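What follows is the content of final-v7.csv (CSV, C-alpha atoms (C1' of nucleotides)).
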```csv
chain,number,residue,atom,x,y,z
A,21,MET,CA,119.8,130.7,79.6
A,22,SER,CA,120.3,129.3,83.0
A,23,ILE,CA,118.8,125.9,83.1
A,24,ALA,CA,120.5,125.7,86.5
A,25,THR,CA,117.5,127.3,88.2
A,26,GLU,CA,115.5,124.3,87.4
A,27,GLN,CA,112.0,123.7,88.8
A,28,PRO,CA,111.8,124.3,92.5
A,29,LEU,CA,112.1,121.1,94.4
A,30,ALA,CA,108.6,120.4,95.6
A,31,ILE,CA,109.7,118.5,98.6
A,32,GLY,CA,106.2,118.6,100.0
A,33,LYS,CA,105.3,116.2,97.2
A,34,CYS,CA,107.8,113.6,98.2
A,35,HIS,CA,106.0,110.3,98.7
A,36,CYS,CA,108.7,108.9,100.8
A,37,GLY,CA,108.6,111.9,103.2
A,38,ALA,CA,104.9,111.8,103.5
A,39,LEU,CA,105.0,108.1,104.4
A,40,ARG,CA,107.8,108.5,106.9
A,41,ARG,CA,106.1,111.4,108.5
A,42,ALA,CA,102.9,109.5,108.9
A,43,ALA,CA,104.8,106.5,110.3
A,44,ARG,CA,106.5,108.7,112.8
A,45,ARG,CA,103.3,110.1,114.1
A,46,MET,CA,101.7,106.7,114.2
A,47,SER,CA,104.7,105.2,116.1
A,48,GLN,CA,104.5,108.0,118.7
A,49,PHE,CA,100.8,107.3,119.2
A,50,TYR,CA,101.2,103.6,119.5
A,51,ASP,CA,104.4,103.9,121.6
A,52,GLY,CA,102.6,106.2,124.0
A,53,LYS,CA,99.7,103.7,124.3
A,54,LEU,CA,102.1,100.8,125.0
A,55,ALA,CA,104.4,102.8,127.3
A,56,PRO,CA,102.7,101.6,130.6
A,57,VAL,CA,103.9,98.1,130.0
A,58,GLY,CA,107.3,99.1,128.8
A,59,LEU,CA,107.1,98.1,125.2
A,60,ARG,CA,107.7,99.9,121.9
A,61,SER,CA,105.5,99.2,119.0
A,62,THR,CA,108.3,97.4,117.2
A,63,GLN,CA,108.8,95.2,120.2
A,64,PHE,CA,105.1,94.5,120.5
A,65,SER,CA,105.1,93.4,116.9
A,66,MET,CA,107.9,91.0,117.4
A,67,LEU,CA,106.4,89.5,120.5
A,68,ALA,CA,103.0,89.1,118.9
A,69,LEU,CA,104.6,87.5,115.9
A,70,LEU,CA,106.5,85.1,118.1
A,71,GLN,CA,103.2,84.1,119.8
A,72,GLN,CA,101.8,83.1,116.4
A,73,LEU,CA,104.8,81.5,114.9
A,74,GLU,CA,105.9,79.7,118.1
A,75,GLU,CA,109.5,79.2,117.0
A,76,VAL,CA,111.3,81.0,114.2
A,77,SER,CA,114.8,81.9,113.1
A,78,VAL,CA,115.9,85.5,112.9
A,79,ASN,CA,115.6,85.5,109.1
A,80,GLU,CA,112.1,84.2,109.2
A,81,LEU,CA,111.1,86.7,111.8
A,82,ALA,CA,112.6,89.5,109.7
A,83,ARG,CA,110.8,88.3,106.6
A,84,HIS,CA,107.5,88.1,108.3
A,85,ILE,CA,107.8,91.6,109.7
A,86,GLY,CA,109.3,93.1,106.6
A,87,LEU,CA,112.5,94.1,108.4
A,88,ASP,CA,116.1,93.9,107.4
A,89,ARG,CA,117.7,90.7,108.8
A,90,THR,CA,120.4,92.5,110.8
A,91,THR,CA,117.8,94.9,112.2
A,92,ALA,CA,115.7,92.1,113.4
A,93,GLY,CA,118.6,90.5,115.1
A,94,LYS,CA,119.5,93.8,116.8
A,95,ASN,CA,115.9,94.5,117.9
A,96,LEU,CA,115.8,91.1,119.6
A,97,ARG,CA,118.6,92.0,121.9
A,98,PRO,CA,116.7,94.2,124.4
A,99,LEU,CA,113.9,91.6,124.5
A,100,GLU,CA,116.3,88.8,125.3
A,101,ARG,CA,118.1,91.0,127.9
A,102,ASP,CA,114.7,91.6,129.6
A,103,GLY,CA,113.9,87.9,129.5
A,104,LEU,CA,110.9,88.2,127.2
A,105,ILE,CA,112.3,85.9,124.5
A,106,ALA,CA,114.7,83.0,124.5
A,107,ILE,CA,117.2,82.5,121.8
A,108,GLY,CA,118.7,79.0,121.4
A,109,PRO,CA,120.4,76.9,118.8
A,110,SER,CA,118.5,75.1,116.1
A,111,ALA,CA,118.3,71.4,116.4
A,112,THR,CA,118.3,70.9,112.6
A,113,ASP,CA,120.6,73.7,111.3
A,114,GLY,CA,123.8,74.7,113.0
A,115,ARG,CA,123.7,78.1,111.4
A,116,SER,CA,120.3,79.0,112.6
A,117,ARG,CA,119.1,80.2,115.9
A,118,VAL,CA,115.7,79.7,117.2
A,119,ILE,CA,113.7,82.5,118.9
A,120,ALA,CA,110.8,81.8,121.2
A,121,LEU,CA,108.6,83.7,123.6
A,122,THR,CA,109.3,83.0,127.3
A,123,PRO,CA,106.5,82.9,129.9
A,124,GLU,CA,107.5,86.4,130.9
A,125,GLY,CA,107.2,87.5,127.3
A,126,ALA,CA,103.8,85.9,127.0
A,127,ALA,CA,102.7,87.6,130.1
A,128,ARG,CA,104.0,91.0,128.9
A,129,LEU,CA,102.2,90.5,125.6
A,130,LEU,CA,99.0,89.7,127.5
A,131,ALA,CA,99.4,92.9,129.4
A,132,ALA,CA,100.1,94.9,126.3
A,133,ALA,CA,97.2,93.5,124.2
A,134,PRO,CA,94.4,95.7,125.6
A,135,LEU,CA,96.6,98.8,125.2
A,136,TRP,CA,97.3,97.9,121.6
A,137,ARG,CA,93.6,97.2,121.0
A,138,GLU,CA,92.7,100.5,122.5
A,139,ALA,CA,95.2,102.2,120.1
A,140,GLN,CA,93.7,100.4,117.2
A,141,ARG,CA,90.2,101.3,118.3
A,142,GLN,CA,91.0,104.9,118.8
A,143,PHE,CA,92.7,105.2,115.5
A,144,GLU,CA,89.8,103.6,113.8
A,145,ALA,CA,87.3,105.8,115.6
A,146,SER,CA,89.2,109.0,114.7
A,147,ASN,CA,89.4,108.2,111.0
A,148,GLY,CA,86.4,106.1,110.3
A,149,PRO,CA,86.2,102.6,108.8
A,150,GLY,CA,86.3,103.9,105.2
A,151,THR,CA,89.5,105.8,105.5
A,152,VAL,CA,91.2,103.1,107.5
A,153,ALA,CA,90.2,100.4,105.0
A,154,THR,CA,91.4,102.7,102.1
A,155,LEU,CA,94.7,103.2,104.0
A,156,ARG,CA,95.3,99.5,104.5
A,157,GLU,CA,94.3,98.5,101.0
A,158,THR,CA,96.5,101.2,99.4
A,159,LEU,CA,99.5,100.3,101.5
A,160,ALA,CA,99.0,96.6,100.8
A,161,LYS,CA,99.0,97.0,97.1
A,162,LEU,CA,101.9,99.5,96.9
A,163,SER,CA,104.6,98.5,94.5
A,164,ILE,CA,107.8,99.9,95.7
A,165,GLY,CA,111.0,99.5,93.8
A,166,ALA,CA,109.6,96.7,91.7
B,24,MET,CA,86.4,78.9,131.3
B,25,SER,CA,89.8,80.4,130.5
B,26,ILE,CA,89.2,83.9,129.3
B,27,ALA,CA,93.0,84.0,129.4
B,28,THR,CA,93.3,82.6,125.9
B,29,GLU,CA,91.7,85.8,124.6
B,30,GLN,CA,91.4,86.6,121.0
B,31,PRO,CA,94.5,85.9,119.1
B,32,LEU,CA,96.5,89.1,118.6
B,33,ALA,CA,96.0,89.9,115.0
B,34,ILE,CA,99.3,91.6,114.6
B,35,GLY,CA,98.8,91.7,110.9
B,36,LYS,CA,96.0,94.1,111.4
B,37,CYS,CA,98.2,96.6,113.2
B,38,HIS,CA,97.9,99.9,111.5
B,39,CYS,CA,101.1,101.2,113.0
B,40,GLY,CA,103.0,98.2,111.8
B,41,ALA,CA,101.6,98.4,108.3
B,42,LEU,CA,102.6,102.1,108.0
B,43,ARG,CA,106.0,101.5,109.4
B,44,ARG,CA,106.6,98.6,107.0
B,45,ALA,CA,105.6,100.7,104.0
B,46,ALA,CA,107.8,103.6,105.2
B,47,ARG,CA,110.8,101.3,105.6
B,48,ARG,CA,110.4,99.9,102.0
B,49,MET,CA,109.9,103.4,100.7
B,50,SER,CA,113.0,104.7,102.5
B,51,GLN,CA,115.1,101.9,101.1
B,52,PHE,CA,113.9,102.7,97.6
B,53,TYR,CA,114.5,106.4,97.9
B,54,ASP,CA,117.8,105.9,99.7
B,55,GLY,CA,119.0,103.6,97.0
B,56,LYS,CA,118.1,106.2,94.4
B,57,LEU,CA,119.9,109.0,96.3
B,58,ALA,CA,122.9,106.9,97.2
B,59,PRO,CA,125.1,108.0,94.2
B,60,VAL,CA,125.2,111.5,95.6
B,61,GLY,CA,125.7,110.4,99.2
B,62,LEU,CA,122.4,111.5,100.6
B,63,ARG,CA,119.7,109.7,102.6
B,64,SER,CA,116.1,110.6,102.0
B,65,THR,CA,115.9,112.4,105.4
B,66,GLN,CA,119.0,114.5,104.5
B,67,PHE,CA,117.5,115.3,101.1
B,68,SER,CA,114.3,116.4,102.7
B,69,MET,CA,116.1,118.8,105.0
B,70,LEU,CA,118.3,120.3,102.3
B,71,ALA,CA,115.3,120.8,100.1
B,72,LEU,CA,113.4,122.4,102.9
B,73,LEU,CA,116.3,124.7,103.6
B,74,GLN,CA,116.4,125.7,100.0
B,75,GLN,CA,112.8,126.9,100.2
B,76,LEU,CA,112.9,128.5,103.6
B,77,GLU,CA,116.3,130.1,103.2
B,78,GLU,CA,117.0,130.5,106.9
B,79,VAL,CA,115.2,128.7,109.8
B,80,SER,CA,115.8,127.7,113.4
B,81,VAL,CA,116.0,124.0,114.4
B,82,ASN,CA,112.5,124.2,115.8
B,83,GLU,CA,111.0,125.6,112.7
B,84,LEU,CA,112.7,123.0,110.5
B,85,ALA,CA,111.5,120.3,112.8
B,86,ARG,CA,107.9,121.6,112.7
B,87,HIS,CA,108.0,121.9,108.9
B,88,ILE,CA,109.2,118.4,108.5
B,89,GLY,CA,107.1,116.8,111.2
B,90,LEU,CA,110.1,115.7,113.2
B,91,ASP,CA,110.9,115.8,116.8
B,92,ARG,CA,112.9,118.9,117.7
B,93,THR,CA,115.8,116.9,119.1
B,94,THR,CA,115.8,114.6,116.2
B,95,ALA,CA,116.1,117.5,113.8
B,96,GLY,CA,119.0,118.9,115.7
B,97,LYS,CA,120.9,115.6,115.6
B,98,ASN,CA,120.1,114.9,111.9
B,99,LEU,CA,121.7,118.3,111.0
B,100,ARG,CA,125.0,117.2,112.5
B,101,PRO,CA,126.2,115.1,109.6
B,102,LEU,CA,125.1,117.7,107.1
B,103,GLU,CA,127.1,120.4,109.0
B,104,ARG,CA,130.1,118.1,109.3
B,105,ASP,CA,130.1,117.6,105.6
B,106,GLY,CA,129.7,121.4,104.9
B,107,LEU,CA,126.3,121.2,103.3
B,108,ILE,CA,124.7,123.5,105.8
B,109,ALA,CA,125.9,126.3,108.1
B,110,ILE,CA,124.6,126.8,111.6
B,111,GLY,CA,125.0,130.2,113.1
B,112,PRO,CA,123.6,132.3,115.9
B,113,SER,CA,120.4,134.2,115.4
B,114,ALA,CA,120.7,138.0,115.2
B,115,THR,CA,117.4,138.6,117.0
B,116,ASP,CA,117.2,135.7,119.5
B,117,GLY,CA,120.2,134.6,121.5
B,118,ARG,CA,118.6,131.2,122.2
B,119,SER,CA,118.0,130.4,118.5
B,120,ARG,CA,120.4,129.1,115.9
B,121,VAL,CA,120.0,129.7,112.3
B,122,ILE,CA,120.4,127.0,109.7
B,123,ALA,CA,121.2,127.8,106.1
B,124,LEU,CA,122.3,125.9,103.0
B,125,THR,CA,125.9,126.4,102.0
B,126,PRO,CA,126.9,126.6,98.3
B,127,GLU,CA,128.2,123.0,98.6
B,128,GLY,CA,124.8,122.1,100.0
B,129,ALA,CA,123.0,123.8,97.2
B,130,ALA,CA,125.2,122.0,94.7
B,131,ARG,CA,124.6,118.6,96.3
B,132,LEU,CA,120.9,119.3,96.3
B,133,LEU,CA,121.1,120.2,92.6
B,134,ALA,CA,122.9,116.9,91.9
B,135,ALA,CA,120.3,114.9,94.0
B,136,ALA,CA,117.3,116.5,92.4
B,137,PRO,CA,117.1,114.4,89.2
B,138,LEU,CA,117.6,111.2,91.3
B,139,TRP,CA,114.8,112.2,93.6
B,140,ARG,CA,112.6,113.0,90.6
B,141,GLU,CA,113.4,109.7,89.1
B,142,ALA,CA,112.3,107.9,92.3
B,143,GLN,CA,109.1,109.9,92.3
B,144,ARG,CA,108.5,109.1,88.7
B,145,GLN,CA,109.2,105.4,89.1
B,146,PHE,CA,107.0,105.1,92.1
B,147,GLU,CA,104.2,106.9,90.3
B,148,ALA,CA,104.6,104.8,87.2
B,149,SER,CA,104.6,101.6,89.3
B,150,ASN,CA,101.4,102.4,91.2
B,151,GLY,CA,99.4,104.7,88.8
B,152,PRO,CA,98.1,108.2,89.5
B,153,GLY,CA,95.0,107.0,91.2
B,154,THR,CA,96.7,104.9,93.8
B,155,VAL,CA,99.3,107.6,94.4
B,156,ALA,CA,96.6,110.3,94.8
B,157,THR,CA,94.6,108.1,97.1
B,158,LEU,CA,97.7,107.4,99.2
B,159,ARG,CA,98.6,111.0,99.6
B,160,GLU,CA,95.1,112.1,100.3
B,161,THR,CA,94.6,109.4,102.9
B,162,LEU,CA,97.9,110.1,104.6
B,163,ALA,CA,97.1,113.8,104.6
B,164,LYS,CA,93.8,113.5,106.3
B,165,LEU,CA,94.8,111.0,108.9
B,166,SER,CA,94.0,111.9,112.4
B,167,ILE,CA,96.5,110.3,114.7
B,168,GLY,CA,96.2,110.7,118.5
B,169,ALA,CA,93.8,113.6,118.1
C,5,DT,C1',134.0,62.9,98.8
C,6,DT,C1',135.6,67.2,98.2
C,7,DA,C1',135.5,71.8,96.4
C,8,DA,C1',132.1,75.4,95.1
C,9,DA,C1',128.0,77.7,95.9
C,10,DG,C1',124.5,79.0,99.0
C,11,DT,C1',122.5,80.4,103.4
C,12,DA,C1',122.1,82.0,108.7
C,13,DA,C1',123.7,85.2,111.4
C,14,DG,C1',127.0,88.3,114.1
C,15,DA,C1',130.3,92.6,114.1
C,16,DG,C1',131.1,97.2,113.0
C,17,DC,C1',129.7,101.5,111.2
C,18,DA,C1',126.6,105.2,110.4
C,19,DT,C1',122.3,107.5,110.6
C,20,DA,C1',117.5,108.1,112.5
C,21,DT,C1',114.3,108.7,116.3
C,22,DT,C1',112.5,110.1,120.6
C,23,DC,C1',112.6,110.7,125.6
C,24,DT,C1',114.0,113.3,129.8
C,25,DC,C1',116.9,116.6,132.0
C,26,DT,C1',119.4,120.7,131.8
C,27,DT,C1',120.9,125.3,130.4
C,28,DA,C1',120.4,129.7,128.3
C,29,DT,C1',117.7,133.4,126.9
C,30,DA,C1',113.1,136.1,126.3
C,31,DT,C1',109.1,138.0,127.8
C,32,DC,C1',105.7,139.6,130.7
C,33,DG,C1',103.3,140.9,134.8
C,34,DA,C1',103.6,143.0,139.4
D,4,DT,C1',113.2,146.0,137.6
D,5,DC,C1',112.8,141.6,139.1
D,6,DG,C1',110.8,137.2,139.5
D,7,DA,C1',107.8,133.8,137.2
D,8,DT,C1',106.8,131.7,133.0
D,9,DA,C1',107.8,130.4,128.4
D,10,DT,C1',110.8,129.1,124.7
D,11,DA,C1',115.2,127.4,122.0
D,12,DA,C1',118.2,124.0,122.0
D,13,DG,C1',122.1,120.7,123.6
D,14,DA,C1',123.4,116.3,126.4
D,15,DG,C1',122.7,111.8,127.5
D,16,DA,C1',120.4,107.4,127.1
D,17,DA,C1',117.9,104.1,124.6
D,18,DT,C1',115.9,101.9,120.6
D,19,DA,C1',115.5,101.4,115.4
D,20,DT,C1',117.3,100.8,110.8
D,21,DG,C1',120.2,99.1,107.2
D,22,DC,C1',124.7,98.7,105.0
D,23,DT,C1',129.1,95.8,104.2
D,24,DC,C1',132.2,92.5,105.7
D,25,DT,C1',133.0,88.3,107.9
D,26,DT,C1',132.3,83.7,109.9
D,27,DA,C1',130.1,79.4,110.2
D,28,DC,C1',127.6,75.9,108.5
D,29,DT,C1',124.8,73.3,104.5
D,30,DT,C1',123.9,71.8,100.2
D,31,DT,C1',125.2,70.5,95.7
D,32,DA,C1',127.7,69.2,91.8
D,33,DA,C1',131.8,67.1,89.8
```

What does the file become when written as structure tokens?
Amino acid sequence: MSIATEQPLAIGKCHCGALRRAARRMSQFYDGKLAPVGLRSTQFSMLALLQQLEEVSVNELARHIGLDRTTAGKNLRPLERDGLIAIGPSATDGRSRVIALTPEGAARLLAAAPLWREAQRQFEASNGPGTVATLRETLAKLSIGA
Amino acid sequence: MSIATEQPLAIGKCHCGALRRAARRMSQFYDGKLAPVGLRSTQFSMLALLQQLEEVSVNELARHIGLDRTTAGKNLRPLERDGLIAIGPSATDGRSRVIALTPEGAARLLAAAPLWREAQRQFEASNGPGTVATLRETLAKLSIGA
DNA sequence: TTAAAGTAAGAGCATATTCTCTTATATCGA
DNA sequence: TCGATATAAGAGAATATGCTCTTACTTTAA
């Protein structure tokens, strides 16, 4: 009668696990490519975003990058410590703090750009345009915890 | 003449960033579902794997789950502290340590199973079988840093 | 204008992730 | 058997991630 046996937990079918696994491998690949300039993929993302947005608050940055607000704040710390970004008060809102790329940050980003492009190129070459396009489209349209 | 301007860094096109972002959202969704039983998605994965493999070394577990060896070792710590797994010496190899589910761990896993199934079900319902199948197939065949 | 509601962000806590260096044990060839 | 090589795993350091709680300011409604 034991219902307790249940169906075996097909953990290999876990969509979360599959996505996390892929993200880990991808991070290792990109981190390896960026290592010569001393940036992690997360840091590169933030610097690149700052280049585009010029000046943003922590909350805005977090939203753009799909990151928790507090995580974004913490991730900025090493970049500020290393002088790649500057964090100052907002002129219009006393609660907000404004993040901007420093010249050193812009230079670092410039140095990192070809390494990132090479990672992109290599990933695309390894998987073909079709697979890459499918990946991006599928990820983009995912509805998670609607 | 300034080549220095370069092409703008289309950070939105970063495959690594896209995958990480999706993985973060997915983790938050699954973690939320599992929260009532006090497990994170990573912990659930490891317990479920231990249920299937019965007894494994840290290295084996890491390989199975696609995780760095040292990460796996550290992730096991909270589970051992909470009595969900037992770590003992290997009978055949003095270097190796053997990980196994405790009765408490098995019970916790049993409690978590329906929550995980609900997360899977909801994700599948939100995205449709086609998209989910495409996602899994695409992730499975990805060649990263060949 | 003042009290209430809303928003920006830091602090503290805990887990997750990977790197390098180190130690202990196995194994294999000379 | 012993020395070289290989393997299992912990220690330490650093970043990444997200929670709750708290503080500081803003905005809004009475």

Least-squares superposed chain A, target chain B, every Cα, as a JSON list (two decimals) with C-alpha atoms, in the coordinates of the input:
```json
[["chain", "number", "residue", "atom", "x", "y", "z"],
["A", 21, "MET", "CA", 86.47, 79.42, 131.90],
["A", 22, "SER", "CA", 89.77, 80.73, 130.83],
["A", 23, "ILE", "CA", 89.30, 84.18, 129.54],
["A", 24, "ALA", "CA", 93.11, 84.24, 129.50],
["A", 25, "THR", "CA", 93.19, 82.72, 126.02],
["A", 26, "GLU", "CA", 91.68, 85.82, 124.68],
["A", 27, "GLN", "CA", 91.36, 86.53, 120.94],
["A", 28, "PRO", "CA", 94.53, 85.85, 119.06],
["A", 29, "LEU", "CA", 96.48, 89.00, 118.54],
["A", 30, "ALA", "CA", 95.98, 89.81, 114.90],
["A", 31, "ILE", "CA", 99.22, 91.60, 114.55],
["A", 32, "GLY", "CA", 98.87, 91.61, 110.80],
["A", 33, "LYS", "CA", 96.05, 94.10, 111.34],
["A", 34, "CYS", "CA", 98.18, 96.58, 113.17],
["A", 35, "HIS", "CA", 97.93, 99.94, 111.43],
["A", 36, "CYS", "CA", 101.07, 101.18, 112.90],
["A", 37, "GLY", "CA", 103.05, 98.14, 111.64],
["A", 38, "ALA", "CA", 101.64, 98.38, 108.22],
["A", 39, "LEU", "CA", 102.62, 102.05, 107.99],
["A", 40, "ARG", "CA", 106.11, 101.49, 109.33],
["A", 41, "ARG", "CA", 106.65, 98.62, 107.01],
["A", 42, "ALA", "CA", 105.62, 100.64, 104.03],
["A", 43, "ALA", "CA", 107.84, 103.53, 105.16],
["A", 44, "ARG", "CA", 110.75, 101.21, 105.47],
["A", 45, "ARG", "CA", 110.40, 99.91, 102.00],
["A", 46, "MET", "CA", 109.89, 103.37, 100.62],
["A", 47, "SER", "CA", 113.00, 104.71, 102.46],
["A", 48, "GLN", "CA", 115.12, 101.87, 101.02],
["A", 49, "PHE", "CA", 113.90, 102.70, 97.52],
["A", 50, "TYR", "CA", 114.49, 106.37, 97.83],
["A", 51, "ASP", "CA", 117.80, 105.90, 99.71],
["A", 52, "GLY", "CA", 119.03, 103.63, 96.96],
["A", 53, "LYS", "CA", 118.07, 106.23, 94.30],
["A", 54, "LEU", "CA", 119.89, 109.02, 96.19],
["A", 55, "ALA", "CA", 122.91, 106.88, 97.14],
["A", 56, "PRO", "CA", 125.12, 108.08, 94.15],
["A", 57, "VAL", "CA", 125.26, 111.54, 95.58],
["A", 58, "GLY", "CA", 125.71, 110.43, 99.13],
["A", 59, "LEU", "CA", 122.45, 111.51, 100.62],
["A", 60, "ARG", "CA", 119.72, 109.76, 102.61],
["A", 61, "SER", "CA", 116.16, 110.61, 102.00],
["A", 62, "THR", "CA", 115.91, 112.34, 105.35],
["A", 63, "GLN", "CA", 118.88, 114.45, 104.48],
["A", 64, "PHE", "CA", 117.49, 115.29, 101.07],
["A", 65, "SER", "CA", 114.33, 116.47, 102.75],
["A", 66, "MET", "CA", 116.14, 118.74, 105.07],
["A", 67, "LEU", "CA", 118.27, 120.23, 102.36],
["A", 68, "ALA", "CA", 115.31, 120.80, 100.07],
["A", 69, "LEU", "CA", 113.43, 122.40, 102.91],
["A", 70, "LEU", "CA", 116.34, 124.68, 103.65],
["A", 71, "GLN", "CA", 116.39, 125.77, 99.97],
["A", 72, "GLN", "CA", 112.76, 126.90, 100.30],
["A", 73, "LEU", "CA", 112.85, 128.41, 103.69],
["A", 74, "GLU", "CA", 116.27, 130.09, 103.26],
["A", 75, "GLU", "CA", 116.95, 130.48, 106.97],
["A", 76, "VAL", "CA", 115.21, 128.67, 109.81],
["A", 77, "SER", "CA", 115.79, 127.65, 113.40],
["A", 78, "VAL", "CA", 115.98, 124.02, 114.38],
["A", 79, "ASN", "CA", 112.47, 124.11, 115.84],
["A", 80, "GLU", "CA", 111.01, 125.55, 112.72],
["A", 81, "LEU", "CA", 112.77, 123.03, 110.58],
["A", 82, "ALA", "CA", 111.49, 120.22, 112.80],
["A", 83, "ARG", "CA", 107.95, 121.56, 112.65],
["A", 84, "HIS", "CA", 107.97, 121.85, 108.94],
["A", 85, "ILE", "CA", 109.22, 118.31, 108.48],
["A", 86, "GLY", "CA", 107.09, 116.82, 111.19],
["A", 87, "LEU", "CA", 110.11, 115.66, 113.19],
["A", 88, "ASP", "CA", 110.87, 115.74, 116.85],
["A", 89, "ARG", "CA", 112.96, 118.84, 117.72],
["A", 90, "THR", "CA", 115.91, 116.89, 119.16],
["A", 91, "THR", "CA", 115.88, 114.57, 116.15],
["A", 92, "ALA", "CA", 116.09, 117.42, 113.80],
["A", 93, "GLY", "CA", 118.98, 118.87, 115.65],
["A", 94, "LYS", "CA", 120.78, 115.50, 115.59],
["A", 95, "ASN", "CA", 120.10, 114.92, 111.87],
["A", 96, "LEU", "CA", 121.69, 118.28, 111.09],
["A", 97, "ARG", "CA", 124.98, 117.22, 112.50],
["A", 98, "PRO", "CA", 126.25, 115.05, 109.62],
["A", 99, "LEU", "CA", 125.16, 117.75, 107.15],
["A", 100, "GLU", "CA", 127.07, 120.44, 108.99],
["A", 101, "ARG", "CA", 130.12, 118.12, 109.35],
["A", 102, "ASP", "CA", 130.06, 117.61, 105.53],
["A", 103, "GLY", "CA", 129.75, 121.34, 104.96],
["A", 104, "LEU", "CA", 126.33, 121.21, 103.33],
["A", 105, "ILE", "CA", 124.65, 123.51, 105.87],
["A", 106, "ALA", "CA", 125.85, 126.31, 108.08],
["A", 107, "ILE", "CA", 124.60, 126.77, 111.55],
["A", 108, "GLY", "CA", 125.06, 130.22, 113.15],
["A", 109, "PRO", "CA", 123.60, 132.31, 115.90],
["A", 110, "SER", "CA", 120.40, 134.24, 115.49],
["A", 111, "ALA", "CA", 120.71, 137.93, 115.27],
["A", 112, "THR", "CA", 117.35, 138.51, 117.02],
["A", 113, "ASP", "CA", 117.14, 135.65, 119.59],
["A", 114, "GLY", "CA", 120.07, 134.49, 121.63],
["A", 115, "ARG", "CA", 118.48, 131.13, 122.19],
["A", 116, "SER", "CA", 117.96, 130.34, 118.59],
["A", 117, "ARG", "CA", 120.31, 129.12, 115.99],
["A", 118, "VAL", "CA", 119.93, 129.73, 112.38],
["A", 119, "ILE", "CA", 120.43, 126.97, 109.76],
["A", 120, "ALA", "CA", 121.18, 127.74, 106.15],
["A", 121, "LEU", "CA", 122.24, 125.87, 103.05],
["A", 122, "THR", "CA", 125.88, 126.47, 102.00],
["A", 123, "PRO", "CA", 126.92, 126.62, 98.32],
["A", 124, "GLU", "CA", 128.13, 123.06, 98.67],
["A", 125, "GLY", "CA", 124.75, 122.05, 100.02],
["A", 126, "ALA", "CA", 123.00, 123.79, 97.17],
["A", 127, "ALA", "CA", 125.19, 122.07, 94.73],
["A", 128, "ARG", "CA", 124.59, 118.65, 96.35],
["A", 129, "LEU", "CA", 120.85, 119.29, 96.27],
["A", 130, "LEU", "CA", 121.12, 120.18, 92.58],
["A", 131, "ALA", "CA", 122.87, 116.92, 91.98],
["A", 132, "ALA", "CA", 120.36, 114.96, 93.97],
["A", 133, "ALA", "CA", 117.22, 116.52, 92.38],
["A", 134, "PRO", "CA", 117.11, 114.40, 89.20],
["A", 135, "LEU", "CA", 117.64, 111.23, 91.26],
["A", 136, "TRP", "CA", 114.79, 112.18, 93.55],
["A", 137, "ARG", "CA", 112.60, 113.04, 90.55],
["A", 138, "GLU", "CA", 113.40, 109.74, 88.98],
["A", 139, "ALA", "CA", 112.34, 108.00, 92.26],
["A", 140, "GLN", "CA", 109.14, 109.92, 92.29],
["A", 141, "ARG", "CA", 108.50, 109.13, 88.65],
["A", 142, "GLN", "CA", 109.17, 105.49, 89.05],
["A", 143, "PHE", "CA", 107.00, 105.20, 92.06],
["A", 144, "GLU", "CA", 104.23, 106.95, 90.29],
["A", 145, "ALA", "CA", 104.61, 104.81, 87.19],
["A", 146, "SER", "CA", 104.55, 101.56, 89.21],
["A", 147, "ASN", "CA", 101.38, 102.43, 91.10],
["A", 148, "GLY", "CA", 99.47, 104.66, 88.81],
["A", 149, "PRO", "CA", 98.18, 108.19, 89.40],
["A", 150, "GLY", "CA", 94.97, 106.97, 91.10],
["A", 151, "THR", "CA", 96.62, 104.94, 93.76],
["A", 152, "VAL", "CA", 99.28, 107.52, 94.43],
["A", 153, "ALA", "CA", 96.70, 110.31, 94.75],
["A", 154, "THR", "CA", 94.58, 108.03, 97.08],
["A", 155, "LEU", "CA", 97.76, 107.36, 99.14],
["A", 156, "ARG", "CA", 98.61, 111.02, 99.54],
["A", 157, "GLU", "CA", 95.08, 112.14, 100.27],
["A", 158, "THR", "CA", 94.56, 109.39, 102.89],
["A", 159, "LEU", "CA", 97.83, 110.12, 104.62],
["A", 160, "ALA", "CA", 97.11, 113.85, 104.59],
["A", 161, "LYS", "CA", 93.81, 113.53, 106.27],
["A", 162, "LEU", "CA", 94.86, 110.93, 108.87],
["A", 163, "SER", "CA", 93.99, 111.87, 112.40],
["A", 164, "ILE", "CA", 96.46, 110.32, 114.66],
["A", 165, "GLY", "CA", 96.24, 110.63, 118.38],
["A", 166, "ALA", "CA", 93.84, 113.53, 118.17]]
```

Option closest in space to chain C, from B:His87, B:Arg63, B:Arg140, B:Arg131 [counting all atoms listed in the file]:
B:Arg63

Which residues of chain D are close to chain A, meaning at most 9 Å apart when you count only C-alpha atoms (C1' of nucleotides), and how do they look as a PyMOL selection string?
chain D and resi 18-21+27-29

Go ahead and compute the interatomic distance for CA of Ile122 in chain B and CA of Glu77 in chain B, in Å to one decimal.
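Here the two named atoms are 8.3 Å from each other.
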
Tell me, counting only C-alpha atoms (C1' of nucleotides), for each residue of chain C within 9 Å of chain B, which pair of atoms is nearest and how far apart they are in Å to one decimal, in rows ordered by chain and increasing number, as CSV.
```
residue,atom,partner,partner_atom,distance
C:DT19,C1',B:Asn98,CA,7.8
C:DA20,C1',B:Asn98,CA,7.3
C:DT21,C1',B:Thr94,CA,6.1
C:DT22,C1',B:Asp91,CA,7.0
C:DA28,C1',B:Arg118,CA,6.5
C:DT29,C1',B:Arg118,CA,5.3
C:DA30,C1',B:Asp116,CA,8.0
```

With C-alpha atoms (C1' of nucleotides) retained, could you export that selection as a compact mmCIF listing (two decimals), in the frame of the given file?
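Output contents, as saved in out.txt:
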```
# COMPACT_ATOMS: atom_id res chain seq x y z
C1' DT C 19 122.30 107.50 110.60
C1' DA C 20 117.50 108.10 112.50
C1' DT C 21 114.30 108.70 116.30
C1' DT C 22 112.50 110.10 120.60
C1' DA C 28 120.40 129.70 128.30
C1' DT C 29 117.70 133.40 126.90
C1' DA C 30 113.10 136.10 126.30
```
